[in-house]
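To be precise, the following lines are upload32.cif, and they hold mmCIF, C-alpha atoms.
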data_entry
loop_
_atom_site.label_atom_id
_atom_site.label_comp_id
_atom_site.auth_asym_id
_atom_site.auth_seq_id
_atom_site.Cartn_x
_atom_site.Cartn_y
_atom_site.Cartn_z
CA MET U 1 -11.97 54.84 -53.46
CA GLN U 2 -12.50 52.39 -50.59
CA LYS U 3 -13.61 54.43 -47.59
CA SER U 4 -15.05 53.46 -44.20
CA GLU U 5 -16.62 55.92 -41.82
CA ILE U 6 -16.57 54.95 -38.16
CA ARG U 7 -18.08 56.63 -35.13
CA VAL U 8 -17.20 55.73 -31.56
CA GLY U 9 -19.59 56.95 -28.86
CA GLY U 10 -19.79 56.63 -25.11
CA LEU U 11 -19.21 58.46 -21.88
CA GLY U 12 -16.21 60.53 -20.90
CA GLY U 13 -13.88 58.25 -18.97
CA GLN U 14 -14.62 55.16 -21.07
CA GLY U 15 -11.70 55.80 -23.38
CA VAL U 16 -13.79 56.63 -26.43
CA ILE U 17 -11.18 58.92 -27.97
CA LEU U 18 -8.36 56.45 -27.36
CA CYS U 19 -10.41 53.75 -29.11
CA GLY U 20 -10.84 56.03 -32.16
CA MET U 21 -7.22 57.07 -32.04
CA ILE U 22 -5.98 53.46 -32.02
CA ILE U 23 -8.17 52.57 -35.01
CA GLY U 24 -6.85 55.58 -36.94
CA LYS U 25 -3.27 54.86 -35.93
CA ALA U 26 -3.55 51.20 -36.93
CA ALA U 27 -4.90 52.21 -40.34
CA SER U 28 -2.54 55.07 -41.11
CA ILE U 29 0.73 54.05 -39.48
CA PHE U 30 0.65 50.26 -39.49
CA ASP U 31 -1.72 49.33 -42.34
CA GLY U 32 -0.57 51.84 -44.97
CA LYS U 33 -3.95 53.55 -45.32
CA HIS U 34 -5.16 57.08 -44.74
CA ALA U 35 -7.13 58.08 -41.63
CA THR U 36 -8.63 61.13 -39.96
CA LEU U 37 -9.90 61.59 -36.41
CA ILE U 38 -12.35 64.17 -35.08
CA GLN U 39 -13.15 64.33 -31.37
CA ALA U 40 -16.23 65.76 -29.71
CA PHE U 41 -16.79 66.24 -25.99
CA GLY U 42 -19.77 67.13 -23.84
CA PRO U 43 -19.71 70.27 -21.68
CA GLU U 44 -18.25 68.27 -18.80
CA ALA U 45 -16.08 65.57 -20.25
CA ARG U 46 -16.04 62.91 -17.53
CA GLY U 47 -19.36 61.12 -17.41
CA SER U 48 -20.93 63.07 -20.24
CA ALA U 49 -21.34 62.27 -23.91
CA CYS U 50 -18.18 61.92 -25.90
CA SER U 51 -17.54 60.73 -29.41
CA ALA U 52 -14.87 60.22 -32.02
CA GLN U 53 -15.26 60.19 -35.79
CA VAL U 54 -12.72 58.14 -37.71
CA THR U 55 -12.47 57.87 -41.45
CA VAL U 56 -10.26 55.18 -42.99
CA ALA U 57 -9.57 55.17 -46.74
CA ASP U 58 -7.04 53.90 -49.24
CA GLU U 59 -6.58 57.44 -50.63
CA ALA U 60 -6.24 60.90 -49.12
CA ILE U 61 -9.39 62.01 -47.28
CA GLY U 62 -10.84 65.38 -48.28
CA TYR U 63 -13.71 65.57 -45.79
CA PRO U 64 -13.10 64.17 -42.30
CA TYR U 65 -16.57 64.51 -40.77
CA VAL U 66 -18.71 61.40 -40.35
CA LYS U 67 -22.42 61.94 -40.99
CA ASN U 68 -23.68 58.39 -41.57
CA PRO U 69 -21.17 55.90 -40.21
CA ASP U 70 -20.62 52.52 -41.80
CA VAL U 71 -19.53 51.24 -38.39
CA LEU U 72 -20.83 52.55 -35.07
CA ILE U 73 -19.13 51.52 -31.81
CA VAL U 74 -21.18 52.46 -28.76
CA MET U 75 -20.35 52.03 -25.08
CA SER U 76 -23.30 53.81 -23.42
CA PRO U 77 -27.11 53.84 -23.86
CA ASP U 78 -27.07 57.60 -24.61
CA ALA U 79 -24.54 57.15 -27.39
CA TYR U 80 -26.68 54.36 -28.86
CA THR U 81 -29.83 56.52 -28.75
CA GLN U 82 -28.03 59.49 -30.28
CA PHE U 83 -26.00 57.82 -33.00
CA ALA U 84 -27.75 54.56 -33.98
CA PRO U 85 -30.37 56.30 -36.20
CA GLN U 86 -27.50 57.84 -38.20
CA LEU U 87 -26.04 54.47 -39.25
CA SER U 88 -25.82 54.04 -43.00
CA PRO U 89 -28.06 51.39 -44.61
CA GLY U 90 -26.35 48.00 -44.26
CA GLY U 91 -24.04 49.46 -41.63
CA MET U 92 -22.65 47.69 -38.61
CA LEU U 93 -23.37 48.35 -34.94
CA LEU U 94 -20.89 47.18 -32.29
CA TYR U 95 -22.31 47.71 -28.81
CA GLU U 96 -21.59 47.05 -25.14
CA SER U 97 -24.21 44.37 -24.58
CA ASP U 98 -24.39 44.60 -20.77
CA LEU U 99 -25.13 48.33 -20.91
CA ILE U 100 -27.19 48.76 -24.07
CA THR U 101 -30.50 47.23 -25.13
CA LEU U 102 -31.33 47.43 -28.82
CA ASP U 103 -34.70 48.92 -29.77
CA GLU U 104 -36.70 50.08 -32.79
CA THR U 105 -34.46 53.13 -33.36
CA LEU U 106 -31.96 50.82 -35.03
CA PRO U 107 -32.30 51.27 -38.80
CA LYS U 108 -33.42 48.20 -40.74
CA GLY U 109 -30.68 46.17 -42.38
CA VAL U 110 -28.07 47.14 -39.78
CA ARG U 111 -26.02 44.19 -38.53
CA ALA U 112 -25.61 44.38 -34.75
CA PHE U 113 -22.88 42.66 -32.73
CA GLY U 114 -22.80 42.86 -28.93
CA VAL U 115 -19.92 42.30 -26.52
CA PRO U 116 -19.93 42.43 -22.71
CA ALA U 117 -16.79 44.56 -22.82
CA THR U 118 -17.04 45.98 -19.30
CA ARG U 119 -17.44 42.48 -17.83
CA PHE U 120 -14.51 41.18 -19.88
CA ALA U 121 -12.38 44.12 -18.74
CA GLU U 122 -13.28 43.50 -15.09
CA GLU U 123 -12.48 39.79 -15.47
CA LEU U 124 -9.09 40.73 -16.88
CA GLY U 125 -8.45 42.85 -13.78
CA ARG U 126 -9.18 46.47 -14.82
CA ARG U 127 -12.47 48.02 -15.89
CA LEU U 128 -10.30 50.72 -17.43
CA VAL U 129 -9.47 48.53 -20.46
CA LEU U 130 -13.05 48.18 -21.69
CA ASN U 131 -12.25 50.48 -24.61
CA ILE U 132 -9.41 48.19 -25.63
CA VAL U 133 -11.77 45.19 -25.50
CA MET U 134 -14.10 47.20 -27.79
CA THR U 135 -11.18 48.01 -30.10
CA GLY U 136 -10.33 44.31 -30.36
CA PHE U 137 -13.99 43.49 -30.94
CA PHE U 138 -14.07 46.07 -33.76
CA ALA U 139 -11.00 44.50 -35.38
CA GLY U 140 -12.40 40.96 -34.99
CA VAL U 141 -15.88 41.64 -36.33
CA THR U 142 -15.12 44.03 -39.18
CA GLY U 143 -11.81 42.65 -40.45
CA LEU U 144 -11.26 46.18 -41.74
CA LEU U 145 -7.72 46.31 -40.38
CA SER U 146 -5.21 43.53 -39.83
CA PHE U 147 -4.86 41.97 -36.38
CA GLU U 148 -1.16 42.84 -36.35
CA SER U 149 -1.64 46.52 -37.18
CA VAL U 150 -4.24 47.06 -34.46
CA GLU U 151 -2.17 45.10 -31.97
CA LYS U 152 0.84 47.30 -32.74
CA ALA U 153 -1.32 50.42 -32.43
CA VAL U 154 -2.59 49.29 -29.02
CA LYS U 155 0.90 48.47 -27.79
CA SER U 156 2.33 51.81 -28.90
CA SER U 157 -0.58 53.85 -27.53
CA VAL U 158 -0.88 52.69 -23.93
CA PRO U 159 1.35 53.68 -21.01
CA LYS U 160 4.48 51.69 -20.20
CA GLY U 161 3.77 48.87 -17.77
CA THR U 162 0.17 48.46 -18.90
CA GLU U 163 0.93 46.81 -22.25
CA ASP U 164 0.37 43.22 -21.10
CA LEU U 165 -3.11 43.74 -19.75
CA ASN U 166 -4.08 46.00 -22.64
CA LEU U 167 -2.91 43.44 -25.19
CA ARG U 168 -4.82 40.70 -23.39
CA ALA U 169 -7.90 42.93 -23.45
CA PHE U 170 -7.38 43.52 -27.17
CA ARG U 171 -7.03 39.78 -27.90
CA LYS U 172 -10.06 38.95 -25.76
CA GLY U 173 -12.21 41.42 -27.72
CA TYR U 174 -10.71 40.30 -31.04
CA GLU U 175 -11.37 36.60 -30.44
CA TYR U 176 -14.90 37.26 -29.24
CA GLY U 177 -15.44 39.41 -32.32
CA ARG U 178 -14.21 36.65 -34.65
CA GLU U 179 -16.59 34.19 -32.96
CA GLN U 180 -19.57 36.55 -33.23
CA ALA U 181 -18.82 37.34 -36.86
CA ALA U 182 -18.60 33.61 -37.67
CA VAL U 183 -21.94 32.93 -35.96
CA LYS U 184 -23.77 35.69 -37.83
CA ASN U 185 -22.21 35.16 -41.27
CA MET O 1 -4.23 30.87 -14.40
CA THR O 2 -2.15 30.76 -17.57
CA LEU O 3 1.03 32.82 -17.52
CA GLU O 4 2.22 34.07 -20.87
CA GLY O 5 5.83 34.54 -21.88
CA PHE O 6 7.26 31.44 -20.16
CA PRO O 7 9.54 29.57 -20.04
CA GLN O 8 12.24 32.24 -20.06
CA SER O 9 15.94 31.62 -20.32
CA LEU O 10 17.86 33.85 -17.99
CA ALA O 11 21.61 34.51 -18.08
CA LEU O 12 22.89 35.41 -14.62
CA ARG O 13 25.77 37.82 -14.03
CA ASP O 14 28.29 34.98 -13.98
CA GLY O 15 26.90 33.52 -17.22
CA THR O 16 24.92 30.70 -15.59
CA LEU O 17 21.75 29.91 -17.54
CA VAL O 18 18.56 29.45 -15.55
CA THR O 19 15.14 28.60 -16.93
CA VAL O 20 12.26 30.42 -15.29
CA ARG O 21 8.75 29.00 -15.61
CA PRO O 22 5.49 28.69 -13.69
CA LEU O 23 5.34 25.97 -11.05
CA GLU O 24 3.50 22.78 -12.00
CA THR O 25 2.04 19.98 -9.91
CA ALA O 26 4.71 17.65 -11.27
CA ASP O 27 7.37 19.83 -9.62
CA ALA O 28 6.43 18.62 -6.13
CA LYS O 29 9.50 16.49 -5.48
CA ALA O 30 11.95 18.91 -7.08
CA VAL O 31 10.65 21.91 -5.13
CA GLN O 32 10.63 19.99 -1.85
CA ALA O 33 14.17 18.81 -2.55
CA PHE O 34 15.21 22.42 -3.22
CA TYR O 35 13.78 23.64 0.07
CA ARG O 36 15.27 20.75 1.99
CA SER O 37 18.67 21.56 0.49
CA LEU O 38 18.60 25.06 1.97
CA PRO O 39 20.65 25.43 5.16
CA GLU O 40 18.51 25.41 8.30
CA GLU O 41 19.40 29.03 9.07
CA ASP O 42 17.99 30.03 5.66
CA ARG O 43 14.80 28.06 6.14
CA LEU O 44 14.26 29.91 9.37
CA TYR O 45 13.56 33.02 7.33
CA LEU O 46 10.71 31.34 5.47
CA LYS O 47 7.21 31.98 6.73
CA ASP O 48 6.13 28.34 6.34
CA ASP O 49 7.82 25.16 7.46
CA VAL O 50 8.63 23.86 4.00
CA THR O 51 9.96 20.58 5.34
CA ASP O 52 6.57 19.72 6.84
CA ALA O 53 4.93 16.78 5.04
CA GLY O 54 1.68 18.65 4.44
CA TRP O 55 3.29 21.86 3.19
CA TRP O 56 3.35 20.94 -0.50
CA GLN O 57 -0.31 19.94 -0.52
CA ARG O 58 -1.34 23.22 1.11
CA PHE O 59 0.89 25.20 -1.25
CA ALA O 60 -0.34 23.38 -4.38
CA THR O 61 -3.95 24.04 -3.33
CA LEU O 62 -3.21 27.78 -3.06
CA VAL O 63 -1.55 27.76 -6.49
CA ALA O 64 -4.50 25.92 -8.03
CA SER O 65 -6.98 28.40 -6.52
CA GLY O 66 -5.02 31.39 -7.85
CA GLU O 67 -4.19 32.71 -4.38
CA VAL O 68 -0.54 32.04 -5.14
CA VAL O 69 1.34 32.56 -8.38
CA SER O 70 4.60 30.66 -8.23
CA LEU O 71 7.64 30.73 -10.51
CA ILE O 72 10.58 28.39 -10.28
CA GLY O 73 14.13 28.71 -11.54
CA GLU O 74 15.76 25.56 -12.91
CA ARG O 75 19.34 24.75 -13.78
CA GLU O 76 20.35 21.41 -15.24
CA GLY O 77 17.00 19.90 -14.26
CA LYS O 78 17.22 21.00 -10.62
CA VAL O 79 15.11 23.68 -8.95
CA VAL O 80 17.42 26.47 -7.78
CA ALA O 81 14.84 29.11 -6.85
CA GLU O 82 11.18 29.52 -6.03
CA ALA O 83 9.31 32.82 -5.99
CA SER O 84 5.69 33.35 -5.08
CA LEU O 85 3.13 36.11 -5.21
CA TYR O 86 0.46 35.67 -2.53
CA ARG O 87 -2.81 37.56 -2.82
CA ALA O 88 -6.25 37.57 -1.25
CA LEU O 89 -9.03 36.73 -3.67
CA ARG O 90 -11.70 38.13 -1.31
CA GLY O 91 -11.92 40.74 1.41
CA TRP O 92 -10.48 44.18 1.96
CA SER O 93 -6.97 43.57 0.66
CA THR O 94 -7.55 42.09 -2.79
CA HIS O 95 -5.42 44.96 -4.13
CA VAL O 96 -2.40 43.83 -2.09
CA GLY O 97 0.07 41.10 -2.98
CA GLU O 98 3.01 39.67 -1.05
CA LEU O 99 6.26 38.42 -2.53
CA ARG O 100 8.29 35.53 -1.12
CA ILE O 101 11.52 34.56 -2.86
CA SER O 102 14.05 31.81 -2.13
CA VAL O 103 17.25 31.29 -4.09
CA ALA O 104 19.88 28.56 -3.66
CA ARG O 105 22.95 29.92 -1.86
CA ALA O 106 25.29 29.17 -4.76
CA LEU O 107 23.29 31.44 -7.08
CA ARG O 108 22.73 34.43 -4.82
CA ARG O 109 24.04 37.90 -5.73
CA ASP O 110 23.89 37.01 -9.43
CA GLY O 111 20.57 38.69 -10.21
CA LEU O 112 18.26 35.67 -10.05
CA GLY O 113 16.23 36.93 -7.08
CA THR O 114 15.89 40.36 -8.70
CA ALA O 115 14.76 38.86 -12.01
CA LEU O 116 12.15 36.70 -10.28
CA ALA O 117 10.91 39.66 -8.24
CA ARG O 118 10.62 41.76 -11.42
CA GLU O 119 8.58 39.04 -13.15
CA LEU O 120 6.23 38.74 -10.19
CA VAL O 121 5.77 42.53 -10.02
CA LYS O 122 4.80 42.45 -13.71
CA ILE O 123 2.36 39.61 -13.08
CA ALA O 124 0.95 41.47 -10.06
CA THR O 125 0.20 44.57 -12.13
CA ARG O 126 -1.49 42.38 -14.74
CA LEU O 127 -3.67 40.92 -11.99
CA GLY O 128 -4.76 44.40 -10.93
CA ILE O 129 -2.72 44.47 -7.72
CA ASP O 130 -1.90 48.01 -6.55
CA LYS O 131 0.45 47.39 -3.65
CA ILE O 132 3.11 44.73 -3.17
CA MET O 133 4.46 43.81 0.26
CA ILE O 134 7.51 41.95 1.49
CA GLU O 135 8.50 40.79 4.95
CA VAL O 136 12.21 40.48 5.72
CA VAL O 137 14.10 39.91 8.93
CA GLU O 138 16.20 43.00 9.62
CA ASN O 139 19.53 41.18 9.32
CA GLN O 140 18.72 39.92 5.78
CA ALA O 141 20.80 42.77 4.39
CA GLY O 142 21.06 41.38 0.84
CA ALA O 143 17.33 40.86 0.47
CA ARG O 144 16.57 44.31 1.89
CA ARG O 145 19.04 45.90 -0.53
CA MET O 146 17.55 44.06 -3.50
CA PHE O 147 14.00 45.09 -2.68
CA ARG O 148 15.07 48.68 -2.01
CA ARG O 149 16.55 48.79 -5.53
CA LEU O 150 13.22 47.52 -6.84
CA GLY O 151 11.41 50.45 -5.21
CA PHE O 152 10.22 48.85 -1.98
CA ARG O 153 10.16 51.18 1.03
CA GLN O 154 9.96 50.31 4.71
CA GLU O 155 6.48 50.71 6.18
CA ALA O 156 6.75 49.14 9.62
CA VAL O 157 9.02 47.25 11.96
CA LEU O 158 7.63 44.55 14.22
CA ARG O 159 9.95 44.38 17.20
CA GLY O 160 11.25 40.96 18.28
CA HIS O 161 8.82 39.28 15.90
CA VAL O 162 11.12 36.50 14.67
CA LYS O 163 13.30 34.11 16.66
CA ASP O 164 16.48 32.98 14.92
CA ILE O 165 18.16 29.59 15.09
CA ASN O 166 19.80 30.51 18.41
CA GLY O 167 16.57 31.76 19.94
CA THR O 168 17.54 35.40 19.49
CA LYS O 169 14.59 37.64 18.77
CA ARG O 170 14.88 39.71 15.58
CA ASN O 171 12.89 42.57 14.18
CA LEU O 172 10.70 41.94 11.15
CA VAL O 173 10.66 44.69 8.53
CA LEU O 174 7.54 45.21 6.41
CA ALA O 175 8.19 47.06 3.16
CA SER O 176 5.99 47.80 0.19
CA THR O 177 5.86 49.32 -3.24
CA ASP O 178 2.87 51.02 -4.81
CA VAL O 179 2.46 49.95 -8.43
CA SER O 180 -0.93 51.60 -8.95
CA HIS O 181 0.75 54.65 -10.51
CA ILE O 182 1.28 52.58 -13.64
CA TRP O 183 -2.47 52.79 -14.14
CA ASP O 184 -2.72 56.52 -13.35
CA ALA O 185 -1.35 57.25 -16.82
CA MET O 186 -3.90 54.89 -18.39
CA GLU O 187 -6.68 56.50 -16.40
CA ALA O 188 -5.60 59.92 -17.67
CA LEU O 189 -5.48 58.55 -21.20
CA VAL O 190 -9.05 57.25 -21.14
CA ALA O 191 -10.44 60.25 -19.27
CA ASP O 192 -11.70 61.77 -22.54
CA PHE O 193 -11.15 65.31 -21.31
CA SER O 194 -11.29 67.97 -23.93
CA PRO O 195 -7.89 69.60 -24.34
CA SER O 196 -9.65 72.98 -24.50
CA GLN O 197 -11.17 72.42 -21.06
CA GLU O 198 -7.94 71.77 -19.21
#
For this file, write the structure as structure tokens.
Amino acid sequence: MQKSEIRVGGLGGQGVILCGMIIGKAASIFDGKHATLIQAFGPEARGSACSAQVTVADEAIGYPYVKNPDVLIVMSPDAYTQFAPQLSPGGMLLYESDLITLDETLPKGVRAFGVPATRFAEELGRRLVLNIVMTGFFAGVTGLLSFESVEKAVKSSVPKGTEDLNLRAFRKGYEYGREQAAVKN
Amino acid sequence: MTLEGFPQSLALRDGTLVTVRPLETADAKAVQAFYRSLPEEDRLYLKDDVTDAGWWQRFATLVASGEVVSLIGEREGKVVAEASLYRALRGWSTHVGELRISVARALRRDGLGTALARELVKIATRLGIDKIMIEVVENQAGARRMFRRLGFRQEAVLRGHVKDINGTKRNLVLASTDVSHIWDAMEALVADFSPSQE
């Protein structure tokens, strides 16, 4: 069975759970796969550690917890420190490059791709959409899900009136992700 | 700034088709001709003297810098409407935008002004603007009604602020709409609060 385990980590208020939810929704509703989502919050959600575990597979998933992710998306230094050592051998790290500096805790063989998602979001007009930039970056780098399915998942998950900016944030992250993947492959 | 989703074809209430698209430098003559075709009493309600030789150059510079986003309506190759969103790129009011809309007399009351205003409100929210202002002279009943329907509410009246064609002083009404609430829902969505903690 083809199965990918994904962990999204960051701070409360960065939209970590929404990022995980959109990936799961894109896989299960728009890409015809199976997906599970587990959420974890710190004692005080806003500003404290927060993470989502997403499993995507082409068959039903019996165990939804992610121990050693194949893909780790991190938006804060704490999330990087906490989760990077758990990455599976040959796994993929997608990180917010203006906030996180890679160090020796990163397991050998892990492929790392950085994106200045917060800066991109601010340039687009709202810092709030940094998680959508990260979602697009995930789709662009991994190619795990189709562009169309993730785009539909973004559009159907964000509040009315915010679709345009969110979709631009998604495309910005996606295109940057495609470029980065092409450079490193 | 590139605007997506244009040109748009718009069917007015009477069936007239109008093309709406972003203003381009090449539109200089057509836009100036449109403004010059407006009756003098209509031009009085415009903030700038659009018949002034230097107006287009000043306006085009603002559009190029991003301080103004301008849409035009065209019918049969002629400009029949111009609508602009003005915003400050620096300073304490970068979250505020101002709408200015002009429509040819023959096409008023057919929904063109409303459609242009709606498009500019959408563009404003995309640009991160939270509050949109308009300024209308108090006897512009049609314009005030249209903006009221779009959610604009009166904020202030400047007494005797505008002189009409006969030299009569008129009150200027400032109205606004707060579009930041659109983002409240997004903020709640990305808050990452645990449902068990609410």
Practice problem: Give me, as a PyMOL selection string, the contact residues of chain O against chain U at a cut-off of 10 Å, counting all atoms listed in the file. | Solution: chain O and resi 4+122-123+125-129+179+181-197
Exercise. Take the point (-11.4, 42.3, -30.5) as written in the file and pick out every residue within 12 Å of it, counting only C-alpha atoms; give the list as an MDAnalysis selection string.
Key: chainID U and resid 19 23 94 113:117 120:121 129:148 150:151 154 166:181
Quiz prompt | Residue contacts of region 81-96 of chain O (8 Å, only C-alpha atoms) excluding same-chain residues fewer than 4 positions away, as a list in words | solution = Val31, Phe34, Gly66, Glu67, Val68, Val69, Ser70, Leu71, Ile72, Gly73, Glu74, Arg100, Ile101, Ser102, Val103, Ala104, Gly113, Leu116, Ala117, Leu120, Ala124, Gly128, Ile129, Asp130, Lys131, Ile132 and Met133 of chain O
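Distance annotation: of U:Lys3, U:Arg119, U:Lys33, U:Arg111, the residue with the minimal separation from Tyr63 (chain U) is U:Lys3; atom set is only C-alpha atoms.
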Quiz item: If we count all atoms listed in the file, what is near Ala60 (chain O) at a cut-off of 9 Å, once residues fewer than 6 positions away on the same chain are taken out, given as number ranges by chain?
Solution: O: 24-25, 28, 68
Practice problem: May I have the residues within 9 Å of Gly151 (chain O) as a ChimeraX atom specification, using all atoms listed in the file and disregarding those fewer than 4 positions away in the same chain? | Solution: /O:147,176-178
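Between CA of Tyr95 (chain U) and CA of Lys152 (chain U) the interatomic distance comes to 23.5 Å.
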Exercise. Check which residues satisfy the PyMOL selection byres ((chain O and resi 148) around 12) in the file shown, then give them as a list of chain:residue names.
Key: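 Applied to this file, the PyMOL selection byres ((chain O and resi 148) around 12) selects O:Thr114, O:Ala117, O:Met133, O:Ile134, O:Val136, O:Ala141, O:Gly142, O:Ala143, O:Arg144, O:Arg145, O:Met146, O:Phe147, O:Arg149, O:Leu150, O:Gly151, O:Phe152, O:Arg153, O:Gln154, O:Leu174, O:Ala175, O:Ser176, O:Thr177.
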Self-check item: Matched chain/residue IDs from the PyMOL selection byres ((chain U and resi 83) around 12), as a PyMOL selection string
Solution: chain U and resi 6-10+49-53+66-82+84-88+93-95+105-107
Practice problem: Report the distance between CA of Ala35 (chain U) and CA of Val56 (chain U) in Å, rounded to one decimal place. | Solution: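 Separation between CA of Ala35 (chain U) and CA of Val56 (chain U): 4.5 Å.
Interatomic distance, CA of Leu172 (chain O) to CA of Leu158 (chain O): 5.1 Å.
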Quiz item: Which residues fall under the PyMOL selection byres ((chain U and resi 2) around 8) in this file, as a ChimeraX atom specification?
Solution: /U:1,3-4,57-59
Quiz prompt | Counting all atoms listed in the file, the residue of O:Val63, O:Leu38, O:Val121, O:Leu46 that sits nearest Thr2 (chain O) | solution = O:Val63
Self-check item: Within 12 Å of region 55-57 of chain O using all atoms listed in the file, minus same-chain residues under 2 positions, as a PyMOL selection string
Solution: chain O and resi 23-33+35+47-53+59-64
Practice problem: Determine the nearest neighbour of Val137 (chain O) from the options O:Gly54, O:Ala156, O:Tyr45, O:Asn166, counting all atoms listed in the file. | Solution: O:Tyr45
Quiz item: Which of these, O:Arg159, O:Lys78, O:Arg170, O:Arg108, has the shortest distance to Val20 (chain O) once you count only C-alpha atoms?
Solution: O:Lys78
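The closest residue to Ala27 (chain U), picked from U:Ile61, U:Thr55, U:Val110, U:Pro89 and counting all atoms listed in the file, is U:Thr55.
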Export of region 145-161 of chain U: N, CA and C atoms, as a short mmCIF file (atom, residue, chain, number, x, y, z; two decimals), in the first residue's frame:
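Saved the output as result17.cif:
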data_model
loop_
_atom_site.label_atom_id
_atom_site.label_comp_id
_atom_site.auth_asym_id
_atom_site.auth_seq_id
_atom_site.Cartn_x
_atom_site.Cartn_y
_atom_site.Cartn_z
N LEU U 145 0.10 15.26 -4.21
CA LEU U 145 -1.30 15.47 -4.57
C LEU U 145 -1.34 16.38 -5.79
N SER U 146 -2.43 16.29 -6.55
CA SER U 146 -2.49 17.11 -7.76
C SER U 146 -2.73 18.58 -7.39
N PHE U 147 -2.22 19.45 -8.26
CA PHE U 147 -2.41 20.90 -8.07
C PHE U 147 -3.91 21.21 -7.91
N GLU U 148 -4.70 20.61 -8.81
CA GLU U 148 -6.14 20.93 -8.83
C GLU U 148 -6.83 20.52 -7.53
N SER U 149 -6.47 19.35 -7.01
CA SER U 149 -7.14 18.87 -5.79
C SER U 149 -6.81 19.77 -4.60
N VAL U 150 -5.57 20.18 -4.50
CA VAL U 150 -5.20 21.04 -3.36
C VAL U 150 -5.83 22.43 -3.54
N GLU U 151 -5.84 22.89 -4.77
CA GLU U 151 -6.46 24.20 -5.03
C GLU U 151 -7.94 24.18 -4.64
N LYS U 152 -8.62 23.09 -5.02
CA LYS U 152 -10.04 22.97 -4.65
C LYS U 152 -10.20 22.90 -3.14
N ALA U 153 -9.29 22.19 -2.48
CA ALA U 153 -9.37 22.05 -1.02
C ALA U 153 -9.16 23.40 -0.34
N VAL U 154 -8.23 24.20 -0.88
CA VAL U 154 -8.00 25.54 -0.31
C VAL U 154 -9.27 26.37 -0.48
N LYS U 155 -9.77 26.39 -1.71
CA LYS U 155 -10.93 27.23 -2.02
C LYS U 155 -12.14 26.88 -1.14
N SER U 156 -12.33 25.59 -0.90
CA SER U 156 -13.51 25.18 -0.14
C SER U 156 -13.29 25.22 1.36
N SER U 157 -12.08 25.57 1.80
CA SER U 157 -11.80 25.55 3.24
C SER U 157 -11.68 26.93 3.87
N VAL U 158 -11.55 27.96 3.03
CA VAL U 158 -11.32 29.30 3.59
C VAL U 158 -12.61 30.11 3.56
N PRO U 159 -12.71 31.11 4.43
CA PRO U 159 -13.96 31.89 4.50
C PRO U 159 -14.27 32.63 3.21
N LYS U 160 -15.56 32.83 2.99
CA LYS U 160 -16.04 33.56 1.81
C LYS U 160 -15.43 34.97 1.80
N GLY U 161 -15.00 35.39 0.64
CA GLY U 161 -14.42 36.73 0.53
C GLY U 161 -12.90 36.70 0.62
#
